[in-house]
Amino acid sequence: MIDRNAIGNWIVRYKRQTAVACILLCLVIVAAVTVIGKKKGEAAEAKAADAMAQQQEEEEAAAEPSGAVVSAAGSEEGVAAVEVNILEKDAHEDVNAIVQQYYDYMSSGDMEGLATVVDEISDDERNRILGSQGLVEGYQNISCYTKKGLEEGSYVVFVYYDLKFQQIETSAPGLSPLYVYTNEEGNLCIMKKEASEELTAYVEEIADGEDVKALRDEVKQKYEEAKAADEALAKQEERYVRLSSEPEEEQPAEVADAGEEPPVEGEEAPPVEEPEEEPEPEAPADTGEATAQNRDTRFTESVRLRAQPSTEAEYLGTAYQGEHVTQIESYGDGWSKIKYNDKECYCKTEFLE
């Protein structure tokens, strides 16, 4: 049995030592609690940091658009900055507007209007556009697929359209690239002048993207299906391939007048000349009865001029819609002898007012 009096006497006798022991025990307990609490706090903080990092990664992954094309551009410090460049459909109203104007002017042969939306018109481009007036009815269902251009305010545009030929029921789906940029006046403009090597490389890189390739394949399939469904459209395509000098064209853009062959695209039209001291070319016997005209008139469309009243005769040059000419005489087979730029030559009568 425990003797309480003995224990009490022992505590009184060793009270100093007992107090010190109690204090030390309390300090040990407090230190242990502090260490354990600190470790638990550090573990909780680490766990919370890991959770925040994982959440941030998930949010960034969710924010990145599906199918986006990522490009890298060097910053001033030499660090590559990643930028998303998505192929967007009809995303810019101002781009759609200028592209629509461009194709409207092309289909109507309005060269003055065309000059307001492009930065340059070459003779070859003029020949090609004016030479198609007798065949092209218009461009329908235009849509603009755009990516950011090389500089601010510019766009690489892949224009989808349905090209409608006159007297052909089925339209020809097509896809053509354009580069639209902001000029010095602050207006959008379609680039037709020669591009820099840097810009050319940039556009080629965009065109080689998987999204653009998929779009081209889709349009090409539509065009092949249209040709298969309409034999007349297929024949026009064959004619275009024969006349066109641009092998990179994947589908017909503008096609020549079936009655009068226009200049081949990319070929500069030579001036109308007549060999010196050679007799005036005589009309073949099968031209029909000649009727004197001797009147001033104008060309209703752009036509090729010939040394003889035949599409197989020597090509002398191109006359453009609206230009003045003197009709000397007309023939029963539909040809006329004319005087153009002080030279005598021949053209189809139907292209004269």
# chains A, B, ... in the order shown; residues from 1 in each chain; ligands from 1

$ residues_around --residues "stretch 224-230 of chain A" --least-positions-apart "6" --cutoff "8 Å" --atoms "only C-alpha atoms" --output "list in words"
Thr170, Ser171, Ala172 and Pro173 of chain A

$ select_by_dssp --residues "stretch 81-144 of chain A" --states "alpha helix (DSSP H)" --output "PyMOL selection string"
chain A and resi 93-108+111-114+123-131

$ closest_atom_pairs --of "stretch 186-239 of chain A" --to "stretch 115-139 of chain A" --cutoff "6 Å" --atoms "only C-alpha atoms" --output "CSV"
residue,atom,partner,partner_atom,distance
A:Cys189,CA,A:Val117,CA,5.4
A:Ile190,CA,A:Val118,CA,4.6
A:Met191,CA,A:Asp119,CA,5.7
A:Lys192,CA,A:Glu120,CA,5.5
A:Lys193,CA,A:Glu120,CA,5.7

$ write_last_selection --atoms "C-alpha atoms" --output "PDB file, in the first residue's frame"
ATOM      1  CA  CYS A 189      -5.464  46.545 -99.933  1.00  0.00           C
ATOM      2  CA  ILE A 190      -4.941  43.338-101.909  1.00  0.00           C
ATOM      3  CA  MET A 191      -1.292  42.730-102.779  1.00  0.00           C
ATOM      4  CA  LYS A 192      -0.551  42.137-106.442  1.00  0.00           C
ATOM      5  CA  LYS A 193       2.957  43.575-106.573  1.00  0.00           C
TER       6      LYS A 193
END

$ atom_distance --atom1 "atom CA of A:Arg216" --atom2 "atom CA of A:Lys147"
14.9 Å

$ atom_distance --atom1 "atom CA of A:Ala91" --atom2 "atom CA of A:Leu114"
23.3 Å

$ residues_around --residues "A:Tyr179" --least-positions-apart "3" --cutoff "8 Å" --atoms "only C-alpha atoms" --output "number ranges by chain"
A: 149, 154-157, 190-191

$ residues_around --residues "stretch 328-333 of chain A" --least-positions-apart "3" --cutoff "8 Å" --atoms "only C-alpha atoms" --output "short mmCIF file (atom, residue, chain, number, x, y, z; two decimals) with C-alpha atoms, in the first residue's frame"
data_model
loop_
_atom_site.label_atom_id
_atom_site.label_comp_id
_atom_site.auth_asym_id
_atom_site.auth_seq_id
_atom_site.Cartn_x
_atom_site.Cartn_y
_atom_site.Cartn_z
CA ASP A 286 -14.87 31.46 -147.92
CA THR A 287 -15.33 34.64 -145.87
CA GLY A 288 -18.56 35.43 -147.66
CA GLU A 289 -19.71 38.66 -149.24
CA ALA A 290 -17.85 41.79 -148.10
CA THR A 291 -19.85 44.82 -146.97
CA ALA A 292 -18.16 48.22 -146.81
CA GLN A 293 -18.48 49.86 -143.40
CA ASN A 294 -15.87 52.63 -143.01
CA ARG A 295 -17.21 53.65 -139.61
CA SER A 336 -14.43 42.22 -140.04
CA LYS A 337 -11.43 44.06 -141.41
CA ILE A 338 -10.50 46.89 -139.04
CA LYS A 339 -7.94 49.65 -138.64
CA THR A 349 -17.65 41.32 -135.97
#

$ residues_around --residues "A:Thr318" --least-positions-apart "6" --cutoff "6 Å" --atoms "only C-alpha atoms" --output "list in words"
Val303, Arg304 and Leu305 of chain A

$ write_last_selection --atoms "N, CA and C atoms" --output "PDB file, in the first residue's frame"
ATOM      1  N   VAL A 303     -10.478  41.402-127.324  1.00  0.00           N
ATOM      2  CA  VAL A 303     -10.358  40.370-128.355  1.00  0.00           C
ATOM      3  C   VAL A 303      -8.919  40.286-128.858  1.00  0.00           C
ATOM      4  N   ARG A 304      -8.610  39.161-129.456  1.00  0.00           N
ATOM      5  CA  ARG A 304      -7.328  38.990-130.137  1.00  0.00           C
ATOM      6  C   ARG A 304      -7.470  39.424-131.592  1.00  0.00           C
ATOM      7  N   LEU A 305      -6.441  40.050-132.089  1.00  0.00           N
ATOM      8  CA  LEU A 305      -6.429  40.527-133.471  1.00  0.00           C
ATOM      9  C   LEU A 305      -5.591  39.587-134.330  1.00  0.00           C
TER      10      LEU A 305
END

$ atom_distance --atom1 "atom CA of A:Ala207" --atom2 "atom CA of A:Leu163"
21.8 Å

$ closest_residue --among "A:Leu199, A:Val159, A:Leu87, A:Ile98" --to "A:Leu178" --atoms "only C-alpha atoms"
A:Val159

$ closest_residue --among "A:Val99, A:Val212, A:Ala232, A:Ala201" --to "A:Tyr181" --atoms "only C-alpha atoms"
A:Val99

$ residues_around --residues "A:Thr297" --least-positions-apart "5" --cutoff "8 Å" --atoms "only C-alpha atoms" --output "list in words"
His324, Val325, Thr326, Gln327, Leu352 and Glu353 of chain A
